[in-house]
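Structure data follow from target.cif (mmCIF, C-alpha atoms and all ligand atoms):
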data_my_file
#
loop_
_atom_site.label_atom_id
_atom_site.label_comp_id
_atom_site.auth_asym_id
_atom_site.auth_seq_id
_atom_site.Cartn_x
_atom_site.Cartn_y
_atom_site.Cartn_z
CA MET E 1 0.00 0.00 0.00
CA THR E 2 1.27 3.50 -0.79
CA ASP E 3 1.95 6.03 1.94
CA ARG E 4 -1.05 7.98 0.69
CA SER E 5 -3.34 4.95 0.92
CA LEU E 6 -2.11 4.31 4.45
CA GLU E 7 -2.81 7.93 5.34
CA LEU E 8 -6.33 7.74 3.88
CA LEU E 9 -6.90 4.51 5.75
CA ALA E 10 -5.82 6.15 9.01
CA LEU E 11 -8.14 9.09 8.36
CA THR E 12 -11.00 6.72 7.60
CA ARG E 13 -10.33 4.93 10.87
CA ARG E 14 -10.45 8.21 12.77
CA ALA E 15 -13.70 9.17 11.04
CA LEU E 16 -15.25 5.78 11.74
CA VAL E 17 -14.51 6.03 15.45
CA HIS E 18 -16.39 9.31 15.49
CA TYR E 19 -19.23 7.82 13.50
CA ARG E 20 -19.64 4.96 15.96
CA ASN E 21 -19.44 7.19 19.01
CA ARG E 22 -21.35 10.13 17.53
CA THR E 23 -18.32 12.30 18.30
CA THR E 24 -16.10 14.69 16.38
CA ASP E 25 -12.64 16.24 16.69
CA GLN E 26 -12.86 19.08 19.18
CA ALA E 27 -11.00 22.15 20.30
CA ASP E 28 -10.06 22.39 23.95
CA GLY E 29 -12.77 24.90 24.70
CA ILE E 30 -15.42 27.17 23.28
CA MET E 31 -13.96 30.36 21.82
CA SER E 32 -15.70 33.68 21.73
CA MET E 33 -15.09 36.60 19.41
CA PRO E 34 -16.43 40.15 19.68
CA VAL E 35 -18.84 40.86 16.84
CA ALA E 36 -16.77 44.00 16.26
CA ALA E 37 -14.25 41.64 14.64
CA TYR E 38 -16.85 41.34 11.87
CA THR E 39 -18.11 44.89 11.73
CA ASP E 40 -15.49 47.46 12.81
CA PRO E 41 -14.30 49.18 9.62
CA GLU E 42 -10.92 50.21 11.03
CA ARG E 43 -10.21 46.74 12.28
CA TYR E 44 -11.31 45.36 8.93
CA GLU E 45 -8.93 47.63 7.04
CA ARG E 46 -6.05 46.73 9.33
CA GLU E 47 -6.71 43.00 9.12
CA VAL E 48 -7.32 42.90 5.38
CA ASP E 49 -4.17 44.91 4.82
CA ARG E 50 -2.05 42.63 6.98
CA VAL E 51 -3.58 39.34 5.93
CA PHE E 52 -4.50 39.85 2.28
CA ARG E 53 -2.00 42.43 1.11
CA HIS E 54 1.10 41.14 2.88
CA LEU E 55 0.79 37.37 3.04
CA PRO E 56 1.06 35.01 0.06
CA LEU E 57 -2.36 34.32 -1.43
CA ALA E 58 -3.42 31.48 -3.65
CA MET E 59 -4.35 33.51 -6.74
CA ALA E 60 -4.99 30.89 -9.38
CA LEU E 61 -4.51 27.30 -10.46
CA SER E 62 -1.55 26.31 -12.60
CA LEU E 63 -4.16 24.80 -14.91
CA GLU E 64 -5.38 28.32 -15.71
CA LEU E 65 -2.00 29.14 -17.25
CA PRO E 66 -1.34 25.99 -19.25
CA GLU E 67 1.42 27.12 -21.65
CA PRO E 68 3.96 29.85 -22.40
CA GLY E 69 2.08 33.09 -23.05
CA SER E 70 -0.97 32.04 -21.02
CA TYR E 71 -2.18 34.92 -18.92
CA LEU E 72 -4.82 35.77 -16.35
CA ALA E 73 -5.67 39.40 -15.61
CA ILE E 74 -7.76 39.88 -12.51
CA ASP E 75 -8.47 42.77 -10.16
CA GLN E 76 -8.35 41.86 -6.47
CA LEU E 77 -8.36 44.16 -3.44
CA ASN E 78 -7.78 47.24 -5.57
CA ALA E 79 -4.77 45.62 -7.18
CA PRO E 80 -4.91 44.91 -10.90
CA VAL E 81 -2.95 41.67 -11.19
CA LEU E 82 -1.53 40.12 -14.32
CA LEU E 83 -0.24 36.56 -14.15
CA VAL E 84 1.74 35.36 -17.16
CA ARG E 85 3.54 32.16 -17.95
CA GLY E 86 6.74 33.23 -19.68
CA GLU E 87 8.50 31.59 -22.60
CA ASP E 88 10.69 29.86 -20.03
CA GLY E 89 7.65 28.23 -18.40
CA THR E 90 7.88 30.34 -15.25
CA VAL E 91 4.75 32.09 -14.02
CA ARG E 92 5.29 35.72 -13.04
CA ALA E 93 2.95 38.21 -11.43
CA PHE E 94 2.79 41.91 -12.21
CA LEU E 95 0.64 44.87 -11.47
CA ASN E 96 -1.39 45.35 -14.59
CA ALA E 97 -0.56 49.03 -14.96
CA CYS E 98 1.55 50.63 -17.65
CA ARG E 99 4.69 52.38 -16.43
CA HIS E 100 3.97 55.39 -18.62
CA ARG E 101 0.75 56.56 -17.00
CA GLY E 102 -0.90 53.55 -15.49
CA ALA E 103 -3.36 52.18 -18.04
CA PRO E 104 -3.99 48.43 -17.67
CA VAL E 105 -1.96 46.68 -20.36
CA CYS E 106 -4.30 43.70 -20.48
CA LYS E 107 -8.08 43.42 -20.26
CA PRO E 108 -9.44 41.31 -17.38
CA GLY E 109 -9.72 37.65 -18.31
CA THR E 110 -7.59 34.86 -19.69
CA GLY E 111 -5.84 34.28 -22.98
CA ASN E 112 -2.51 33.80 -24.63
CA ALA E 113 -0.18 36.59 -25.71
CA ARG E 114 3.46 37.10 -26.61
CA VAL E 115 3.25 40.82 -26.04
CA PHE E 116 1.02 43.16 -24.02
CA ALA E 117 0.38 46.45 -25.76
CA CYS E 118 -0.88 49.29 -23.63
CA PRO E 119 -4.15 50.60 -25.12
CA TYR E 120 -3.32 54.22 -24.20
CA HIS E 121 -0.07 55.11 -26.05
CA ALA E 122 0.94 51.63 -27.22
CA TRP E 123 3.97 50.89 -25.10
CA THR E 124 4.60 47.15 -25.22
CA TYR E 125 5.75 44.59 -22.67
CA ASN E 126 6.84 40.99 -23.13
CA THR E 127 5.74 37.98 -21.11
CA GLN E 128 8.54 38.65 -18.64
CA GLY E 129 7.12 42.11 -18.01
CA GLU E 130 9.98 43.92 -19.74
CA LEU E 131 9.28 47.11 -21.63
CA VAL E 132 10.16 46.12 -25.17
CA GLY E 133 8.66 48.89 -27.29
CA ARG E 134 7.67 52.53 -27.07
CA TYR E 135 5.56 53.95 -29.86
CA ARG E 136 7.45 56.88 -31.48
CA GLY E 137 10.03 56.66 -28.72
CA GLU E 138 12.32 59.12 -30.48
CA THR E 139 9.72 61.87 -30.00
CA PHE E 140 9.04 60.91 -26.38
CA GLY E 141 12.65 61.31 -25.31
CA ASP E 142 15.22 59.02 -23.72
CA VAL E 143 14.31 56.88 -20.73
CA ASP E 144 16.02 53.90 -19.20
CA GLU E 145 13.69 51.19 -20.49
CA SER E 146 15.35 48.56 -18.34
CA VAL E 147 13.78 50.02 -15.21
CA LEU E 148 10.34 50.54 -16.73
CA GLY E 149 9.19 46.95 -16.83
CA LEU E 150 5.82 46.12 -15.28
CA THR E 151 5.96 46.24 -11.49
CA SER E 152 6.56 42.74 -10.18
CA LEU E 153 4.76 40.96 -7.40
CA SER E 154 6.34 38.05 -5.56
CA CYS E 155 5.08 34.92 -7.21
CA ALA E 156 5.72 31.20 -6.91
CA GLU E 157 4.14 28.10 -8.35
CA ARG E 158 3.74 25.15 -5.99
CA SER E 159 1.41 22.18 -5.82
CA GLY E 160 -0.52 23.27 -8.90
CA LEU E 161 -1.30 26.70 -7.46
CA ILE E 162 0.06 30.19 -8.12
CA TRP E 163 0.93 32.06 -4.91
CA VAL E 164 1.23 35.83 -5.02
CA THR E 165 1.76 38.67 -2.56
CA LEU E 166 -0.15 41.79 -3.54
CA SER E 167 2.38 44.30 -2.18
CA PRO E 168 5.07 45.11 -4.75
CA ASP E 169 8.61 44.08 -3.88
CA GLU E 170 7.56 42.15 -0.81
CA ALA E 171 9.36 38.82 -1.08
CA PHE E 172 8.16 35.62 0.47
CA ASP E 173 9.43 32.09 0.83
CA VAL E 174 6.55 29.94 -0.35
CA ASP E 175 8.12 26.73 0.96
CA GLU E 176 8.36 28.21 4.40
CA TRP E 177 4.84 29.59 4.13
CA LEU E 178 3.33 26.25 3.22
CA GLY E 179 5.58 24.05 5.35
CA PRO E 180 4.28 20.48 5.56
CA PHE E 181 0.98 21.60 4.01
CA GLN E 182 2.75 21.57 0.65
CA ALA E 183 3.10 17.78 0.72
CA GLU E 184 -0.61 17.58 1.57
CA LEU E 185 -1.53 19.78 -1.39
CA ASP E 186 0.74 17.71 -3.63
CA THR E 187 -1.41 14.66 -2.98
CA LEU E 188 -4.27 16.42 -4.80
CA ASP E 189 -2.27 16.39 -8.03
CA LEU E 190 -3.88 19.67 -9.04
CA THR E 191 -1.98 20.01 -12.32
CA ASN E 192 -3.65 16.92 -13.73
CA TRP E 193 -7.30 17.85 -13.53
CA HIS E 194 -9.56 19.39 -16.15
CA ILE E 195 -11.21 22.78 -15.62
CA TYR E 196 -14.88 22.21 -16.30
CA GLU E 197 -16.36 25.54 -15.25
CA GLN E 198 -15.38 28.75 -13.51
CA ARG E 199 -17.51 31.56 -12.14
CA GLU E 200 -17.36 34.48 -9.77
CA ILE E 201 -19.81 34.57 -6.87
CA LEU E 202 -20.61 37.57 -4.73
CA GLY E 203 -20.68 36.56 -1.09
CA PRO E 204 -21.18 38.15 2.34
CA GLY E 205 -18.30 39.68 4.33
CA TRP E 206 -14.92 37.99 4.60
CA LYS E 207 -15.25 36.35 8.01
CA VAL E 208 -18.90 35.35 7.67
CA THR E 209 -17.99 33.72 4.38
CA MET E 210 -14.86 31.95 5.61
CA ASP E 211 -16.54 30.64 8.76
CA GLY E 212 -18.89 28.68 6.52
CA TYR E 213 -16.00 26.95 4.76
CA LEU E 214 -14.47 25.77 8.01
CA GLU E 215 -17.02 23.62 9.76
CA VAL E 216 -19.40 20.74 9.07
CA TYR E 217 -21.75 21.61 11.95
CA HIS E 218 -24.19 23.27 9.53
CA HIS E 219 -24.28 20.60 6.87
CA ASP E 220 -27.45 18.81 7.85
CA SER E 221 -29.45 21.97 8.44
CA VAL E 222 -28.22 24.08 5.51
CA HIS E 223 -27.17 21.53 2.90
CA GLY E 224 -29.69 18.72 3.47
CA LYS E 225 -30.61 18.62 -0.22
CA THR E 226 -27.16 19.22 -1.75
CA VAL E 227 -23.70 18.39 -0.40
CA GLY E 228 -25.23 17.35 2.92
CA GLU E 229 -26.78 14.37 1.15
CA HIS E 230 -23.28 13.03 0.67
CA THR E 231 -21.70 13.87 4.02
CA ILE E 232 -22.34 13.18 7.68
CA GLY E 233 -23.13 16.37 9.55
CA ASN E 234 -21.00 17.41 12.51
CA LEU E 235 -18.34 14.72 12.00
CA LEU E 236 -14.94 16.30 11.54
CA VAL E 237 -11.42 14.94 11.51
CA HIS E 238 -9.18 17.95 11.81
CA ASP E 239 -5.46 18.62 11.34
CA THR E 240 -3.58 21.89 11.24
CA TYR E 241 -0.40 22.90 9.45
CA GLY E 242 0.18 26.25 11.12
CA PRO E 243 -2.52 28.49 9.67
CA HIS E 244 -3.43 25.95 6.98
CA GLN E 245 -5.84 23.14 7.70
CA ARG E 246 -7.13 19.82 6.51
CA MET E 247 -10.66 18.79 7.30
CA VAL E 248 -12.03 15.33 6.72
CA PHE E 249 -15.76 14.70 6.56
CA GLY E 250 -17.41 11.29 6.52
CA ARG E 251 -19.36 10.28 3.46
CA ARG E 252 -22.73 8.66 3.92
CA SER E 253 -21.17 5.29 3.08
CA LEU E 254 -18.82 5.49 6.07
CA GLY E 255 -21.07 3.67 8.53
CA ALA E 256 -21.16 0.54 6.38
CA LEU E 257 -17.40 0.08 6.87
CA ALA E 258 -17.99 -0.97 10.45
CA ASP E 259 -19.14 -4.35 9.16
CA ARG E 260 -16.28 -4.86 6.73
CA ALA E 261 -12.68 -5.93 7.23
CA GLU E 262 -10.20 -3.11 6.74
CA SER E 263 -8.61 -5.06 3.93
CA ASP E 264 -11.86 -4.57 1.99
CA TRP E 265 -11.93 -0.82 2.46
CA ASN E 266 -11.14 1.34 -0.52
CA PRO E 267 -8.91 4.04 1.03
CA GLY E 268 -10.43 7.46 0.60
CA GLN E 269 -13.73 6.22 -0.83
CA ASP E 270 -15.73 6.90 2.31
CA ILE E 271 -14.32 10.22 3.39
CA ARG E 272 -14.15 13.65 1.85
CA LEU E 273 -11.08 15.88 2.17
CA ILE E 274 -11.13 19.65 2.33
CA HIS E 275 -7.85 21.55 2.23
CA SER E 276 -7.97 25.08 3.51
CA GLY E 277 -5.03 27.32 2.65
CA PHE E 278 -4.87 30.41 4.84
CA PRO E 279 -6.38 32.90 4.26
CA ASN E 280 -8.34 32.46 1.03
CA LEU E 281 -8.25 28.98 -0.44
CA SER E 282 -10.56 26.00 -0.12
CA ILE E 283 -10.19 22.78 -2.09
CA SER E 284 -12.97 20.36 -1.60
CA GLY E 285 -13.09 16.85 -3.00
CA ILE E 286 -16.76 16.21 -2.61
CA LEU E 287 -17.01 13.21 -4.89
CA GLY E 288 -14.09 11.18 -6.18
CA ASP E 289 -13.93 12.43 -9.75
CA HIS E 290 -14.81 16.02 -9.03
CA CYS E 291 -13.28 18.79 -7.01
CA LEU E 292 -14.32 22.30 -6.08
CA VAL E 293 -11.65 24.98 -5.74
CA SER E 294 -12.62 28.31 -4.18
CA HIS E 295 -10.42 31.40 -4.15
CA ILE E 296 -12.07 33.82 -1.74
CA PHE E 297 -11.17 37.53 -1.64
CA PRO E 298 -12.56 40.43 0.35
CA GLY E 299 -14.83 42.37 -1.98
CA PRO E 300 -15.17 46.09 -2.59
CA THR E 301 -16.89 46.66 0.77
CA ILE E 302 -16.67 45.23 4.29
CA ASP E 303 -19.93 43.37 3.63
CA THR E 304 -18.84 41.48 0.54
CA THR E 305 -16.47 38.88 -0.81
CA LEU E 306 -15.77 37.71 -4.32
CA THR E 307 -15.21 34.01 -4.79
CA ARG E 308 -13.66 32.52 -7.89
CA GLN E 309 -15.20 29.10 -7.95
CA THR E 310 -13.61 26.47 -10.18
CA VAL E 311 -15.14 23.08 -10.85
CA LEU E 312 -12.55 20.45 -11.70
CA ALA E 313 -13.16 17.05 -13.23
CA ALA E 314 -10.61 14.24 -13.09
CA LYS E 315 -10.74 14.20 -16.89
CA PRO E 316 -12.75 16.01 -19.55
CA PRO E 317 -16.23 14.49 -19.68
CA VAL E 318 -16.70 12.59 -22.93
CA THR E 319 -19.77 10.39 -22.76
CA PRO E 320 -23.24 11.84 -22.07
CA GLU E 321 -23.14 10.11 -18.67
CA GLU E 322 -19.85 11.75 -17.75
CA GLU E 323 -21.09 15.11 -18.97
CA LYS E 324 -24.25 14.70 -16.91
CA ALA E 325 -22.33 13.66 -13.78
CA THR E 326 -20.02 16.67 -14.05
CA ALA E 327 -22.85 19.10 -14.83
CA THR E 328 -24.80 17.73 -11.85
CA PHE E 329 -21.82 18.19 -9.55
CA SER E 330 -21.25 21.71 -10.80
CA ALA E 331 -24.89 22.68 -10.32
CA MET E 332 -24.94 21.13 -6.86
CA VAL E 333 -21.92 23.00 -5.57
CA LEU E 334 -23.16 26.25 -7.06
CA GLN E 335 -26.45 25.78 -5.27
CA ALA E 336 -24.74 24.77 -2.01
CA VAL E 337 -22.42 27.77 -2.00
CA ARG E 338 -24.47 30.55 -3.57
CA ASP E 339 -28.01 29.62 -2.59
CA GLU E 340 -27.30 27.98 0.77
CA ASP E 341 -24.01 29.11 2.38
CA TYR E 342 -23.86 32.61 0.97
CA ALA E 343 -27.62 33.17 1.22
CA MET E 344 -27.35 32.30 4.92
CA GLY E 345 -24.27 34.49 5.21
CA PHE E 346 -26.02 37.51 3.69
CA ARG E 347 -28.82 37.14 6.24
CA ILE E 348 -26.26 36.99 9.06
CA GLN E 349 -24.42 39.94 7.59
CA ALA E 350 -27.61 42.01 7.46
CA GLY E 351 -28.12 41.60 11.22
CA LEU E 352 -24.53 41.99 12.39
CA ARG E 353 -24.97 45.60 13.47
CA SER E 354 -28.35 45.07 15.11
CA GLY E 355 -26.85 44.66 18.57
CA ALA E 356 -28.34 41.18 18.97
CA ASN E 357 -24.90 39.81 19.75
CA THR E 358 -21.83 41.39 21.20
CA GLU E 359 -19.93 38.13 20.82
CA PHE E 360 -20.02 35.13 18.54
CA LEU E 361 -19.19 31.64 19.73
CA TYR E 362 -17.06 29.02 18.00
CA GLY E 363 -17.91 25.66 19.49
CA ARG E 364 -15.52 22.91 20.47
CA ASN E 365 -16.81 21.07 17.40
CA GLU E 366 -15.63 23.98 15.21
CA PRO E 367 -11.86 23.77 15.73
CA ALA E 368 -10.99 24.90 12.19
CA VAL E 369 -12.98 28.14 12.62
CA GLN E 370 -11.14 28.71 15.88
CA ASN E 371 -7.75 28.10 14.28
CA TYR E 372 -8.53 30.49 11.43
CA HIS E 373 -9.46 33.34 13.77
CA ARG E 374 -6.47 32.70 16.04
CA TRP E 375 -4.13 33.03 13.08
CA ILE E 376 -5.74 36.28 11.97
CA SER E 377 -4.96 37.64 15.44
CA ARG E 378 -1.40 36.35 15.28
CA PHE E 379 -0.71 37.99 11.96
CA VAL E 380 -2.36 41.27 12.86
CA ASN E 381 -1.16 41.80 16.41
S1 LIG E 401 -0.26 54.74 -20.30
FE1 LIG E 401 0.54 53.05 -21.34
S2 LIG E 401 1.52 53.87 -23.04
FE2 LIG E 401 0.77 55.59 -22.01
FE FE E 402 -21.71 25.15 3.80
#
Translate this structure into structure tokens?
Amino acid sequence: MTDRSLELLALTRRALVHYRNRTTDQADGIMSMPVAAYTDPERYEREVDRVFRHLPLAMALSLELPEPGSYLAIDQLNAPVLLVRGEDGTVRAFLNACRHRGAPVCKPGTGNARVFACPYHAWTYNTQGELVGRYRGETFGDVDESVLGLTSLSCAERSGLIWVTLSPDEAFDVDEWLGPFQAELDTLDLTNWHIYEQREILGPGWKVTMDGYLEVYHHDSVHGKTVGEHTIGNLLVHDTYGPHQRMVFGRRSLGALADRAESDWNPGQDIRLIHSGFPNLSISGILGDHCLVSHIFPGPTIDTTLTRQTVLAAKPPVTPEEEKATATFSAMVLQAVRDEDYAMGFRIQAGLRSGANTEFLYGRNEPAVQNYHRWISRFVN
């Protein structure tokens, strides 16, 4: 058996113990958090600045930039970002703003280009961000073109994900940042999936949104007709990797394992793994051949987030049955996130300032929510 199979077997065992005992992994105690942590605009600005503008964020999947010249232009947190895979295969990140007078050199979206021509006065940049042409440069006057390349952002590609820091010239060591979580992410083999669908979803505020990604306590009540049909509510196997986390849920088939010899178990078949990369990434393997990747960013206001939701299939659907299975998965996760999680979140968000609560509680059965909020405090204070 491979190391991975042994690991999945061990996780299944842990989940099954909880299933039998009607228990779950727990934090040491209940944690409380002032509601001001969700509503205070100054605190929000400080935390978003520290967490989202100075830490490495998962910006995109390697799959979104499949070949030299592939690019993705996306505006996040008031930063126009341009990711480009260069001729040398390396992905680089830039601020998508011309060095002449700031026009975006690439329209938002994806595509393939060898050169980015600014739409304002037609300066051109190559895939490495270097300024390679200035329209009628002899009339403009002499400048040192070598220092007028697009402004770089720290960028690294690991585990099938592109990690970027949004503050220019702020370096980071992605291996240190991910630590042992990198080996965990590697097991997902994210470079070998097929992108089936992508969409952007408007969600409630940052913390209300993230809380919903980090516990299984709500699955029976909120997701009874969607993802909750496949998972056992309130059963969590939880591991942390510093700020990053792995959550394991039990699938509905888990209980049947109790009657079968371990040698008959199919490792991983009866559990569902969710990998949560601090502060904005969730990768959820809900069913074996399908995976949901969510990149979550604070939106234009304190009350909103923007989620880039990507539906992955193990391989491109070919037969009508495969197409139907993938379409069904995609529709289900859209419904679960937009119509269930985020709909609930918007209702919570609407009442946050009502004075109903001065504190929120994170239960012992919500250890991943607790860990997330503890790490926000560590990074901010
Ligand atoms: S702003 Fe880009 S060429 Fe002038
Ligand atoms: Fe949910």
Next item on the list: Using all atoms listed in the file, pick whichever of E:Gly355, E:Gly228, E:Pro367, E:Pro316 has the shortest atom-to-atom distance to ligand FE 402 (chain E).
Entry: E:Gly228
Margin query: Let me see if you get this right: every residue at most 7 Å from ligand LIG 401 (chain E), counting only C-alpha atoms and all ligand atoms, written as a list in words.
Written below: Cys98, Arg99, His100, Arg101, Gly102, Ala103, Val105, Cys118, Pro119, Tyr120, His121, Ala122 and Trp123 of chain E
Note to self: Quick check, in Å to one decimal: how far apart do CA of Arg53 (chain E) and CA of Met210 (chain E) lie?
What the structure shows: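 Between these atoms lies a distance of 17.2 Å.
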As JSON, please report the centre and edge lengths, rounded to one decimal in Å, of the axis-aligned box that holds all listed atoms of region 82-93 of chain E with 6 Å of padding on each of the six sides.
{"center_x": 4.6, "center_y": 34.2, "center_z": -17.0, "size_x": 24.2, "size_y": 23.9, "size_z": 23.2}
List as JSON lines every residue of chain E that is in contact with ligand FE 402 (chain E), defined as an atom at most 7 Å from one of its atoms (using only C-alpha atoms and all ligand atoms), together with the nearest atom pair and the distance in Å rounded to one decimal, sorted by chain and then rising number.
{"residue": "E:Gly212", "atom": "CA", "partner": "E:FE402", "partner_atom": "FE", "distance": 5.3}
{"residue": "E:Tyr213", "atom": "CA", "partner": "E:FE402", "partner_atom": "FE", "distance": 6.1}
{"residue": "E:His218", "atom": "CA", "partner": "E:FE402", "partner_atom": "FE", "distance": 6.5}
{"residue": "E:His219", "atom": "CA", "partner": "E:FE402", "partner_atom": "FE", "distance": 6.1}
{"residue": "E:Val222", "atom": "CA", "partner": "E:FE402", "partner_atom": "FE", "distance": 6.8}
{"residue": "E:His223", "atom": "CA", "partner": "E:FE402", "partner_atom": "FE", "distance": 6.6}
{"residue": "E:Ala336", "atom": "CA", "partner": "E:FE402", "partner_atom": "FE", "distance": 6.6}
{"residue": "E:Val337", "atom": "CA", "partner": "E:FE402", "partner_atom": "FE", "distance": 6.4}
{"residue": "E:Glu340", "atom": "CA", "partner": "E:FE402", "partner_atom": "FE", "distance": 7.0}
{"residue": "E:Asp341", "atom": "CA", "partner": "E:FE402", "partner_atom": "FE", "distance": 4.8}
Notebook entry, point to check: At most 7 Å from (-12.1, 15.8, 10.2), file frame, only C-alpha atoms: which residues, as a VMD selection string?
Noted result: chain E and resid 15 25 235 to 238 247 to 249
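Counting from CA of Ser62 (chain E), the distance to CA of Gly288 (chain E) is 20.7 Å.
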Checklist line | Residue with smallest distance to Met59 (chain E) - pool E:Gln245, E:Asn371, E:Asn192, E:Asn280, counting all atoms listed in the file | finding: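 When distances to Met59 (chain E) are compared using all atoms listed in the file, the smallest one comes from E:Asn280.
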Checklist line | Counting all atoms listed in the file, the option among E:Lys315, E:Arg114, E:Lys324, E:Arg252 closest to Val132 (chain E) | finding: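 Using all atoms listed in the file, the shortest distance to Val132 (chain E) belongs to E:Arg114.
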Notebook entry, point to check: In file coordinates, which residues lie within 7 Å of (-18.8, 39.2, 18.2) using all atoms listed in the file, given as a ChimeraX atom specification?
Noted result: /E:33-38,357-360
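For the set E:Val51, E:Leu150, E:Val164, E:Val143, the residue with the smallest atom-to-atom gap to Glu130 (chain E) is E:Leu150, counting all atoms listed in the file.
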Next item on the list: Name all residues at most 12 Å from Tyr44 (chain E) (count only C-alpha atoms; drop same-chain ones fewer than 2 positions away) and give them as a list in words.
Entry: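 Answer for this query is Val35, Ala36, Ala37, Tyr38, Thr39, Asp40, Pro41, Glu42, Arg46, Glu47, Val48, Asp49, Arg50, Val51, Phe52, Gly205, Trp206, Lys207, Pro298, Gly299, Thr301, Ile302, Asp303, Thr304, Ile376, Ser377 and Val380 of chain E.
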Just-selected residues, C-alpha atoms written as an mmCIF file, keeping the file's coordinate frame:
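So part07.cif came out as:
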data_model
loop_
_atom_site.group_PDB
_atom_site.id
_atom_site.type_symbol
_atom_site.label_atom_id
_atom_site.label_comp_id
_atom_site.auth_asym_id
_atom_site.auth_seq_id
_atom_site.Cartn_x
_atom_site.Cartn_y
_atom_site.Cartn_z
ATOM 1 C CA VAL E 35 -18.840 40.860 16.840
ATOM 2 C CA ALA E 36 -16.770 44.000 16.260
ATOM 3 C CA ALA E 37 -14.250 41.640 14.640
ATOM 4 C CA TYR E 38 -16.850 41.340 11.870
ATOM 5 C CA THR E 39 -18.110 44.890 11.730
ATOM 6 C CA ASP E 40 -15.490 47.460 12.810
ATOM 7 C CA PRO E 41 -14.300 49.180 9.620
ATOM 8 C CA GLU E 42 -10.920 50.210 11.030
ATOM 9 C CA ARG E 46 -6.050 46.730 9.330
ATOM 10 C CA GLU E 47 -6.710 43.000 9.120
ATOM 11 C CA VAL E 48 -7.320 42.900 5.380
ATOM 12 C CA ASP E 49 -4.170 44.910 4.820
ATOM 13 C CA ARG E 50 -2.050 42.630 6.980
ATOM 14 C CA VAL E 51 -3.580 39.340 5.930
ATOM 15 C CA PHE E 52 -4.500 39.850 2.280
ATOM 16 C CA GLY E 205 -18.300 39.680 4.330
ATOM 17 C CA TRP E 206 -14.920 37.990 4.600
ATOM 18 C CA LYS E 207 -15.250 36.350 8.010
ATOM 19 C CA PRO E 298 -12.560 40.430 0.350
ATOM 20 C CA GLY E 299 -14.830 42.370 -1.980
ATOM 21 C CA THR E 301 -16.890 46.660 0.770
ATOM 22 C CA ILE E 302 -16.670 45.230 4.290
ATOM 23 C CA ASP E 303 -19.930 43.370 3.630
ATOM 24 C CA THR E 304 -18.840 41.480 0.540
ATOM 25 C CA ILE E 376 -5.740 36.280 11.970
ATOM 26 C CA SER E 377 -4.960 37.640 15.440
ATOM 27 C CA VAL E 380 -2.360 41.270 12.860
#
Checklist line | Distance query Trp265 (chain E) at most 12 Å, all atoms listed in the file, self and fewer than 4 positions along chain excluded, as an MDAnalysis selection string | finding: chainID E and resid 5:6 8:10 12:13 16 253:261 269:271
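Taking CA of Asp75 (chain E) and CA of Asp211 (chain E) as the two end points, the separation is 23.9 Å.
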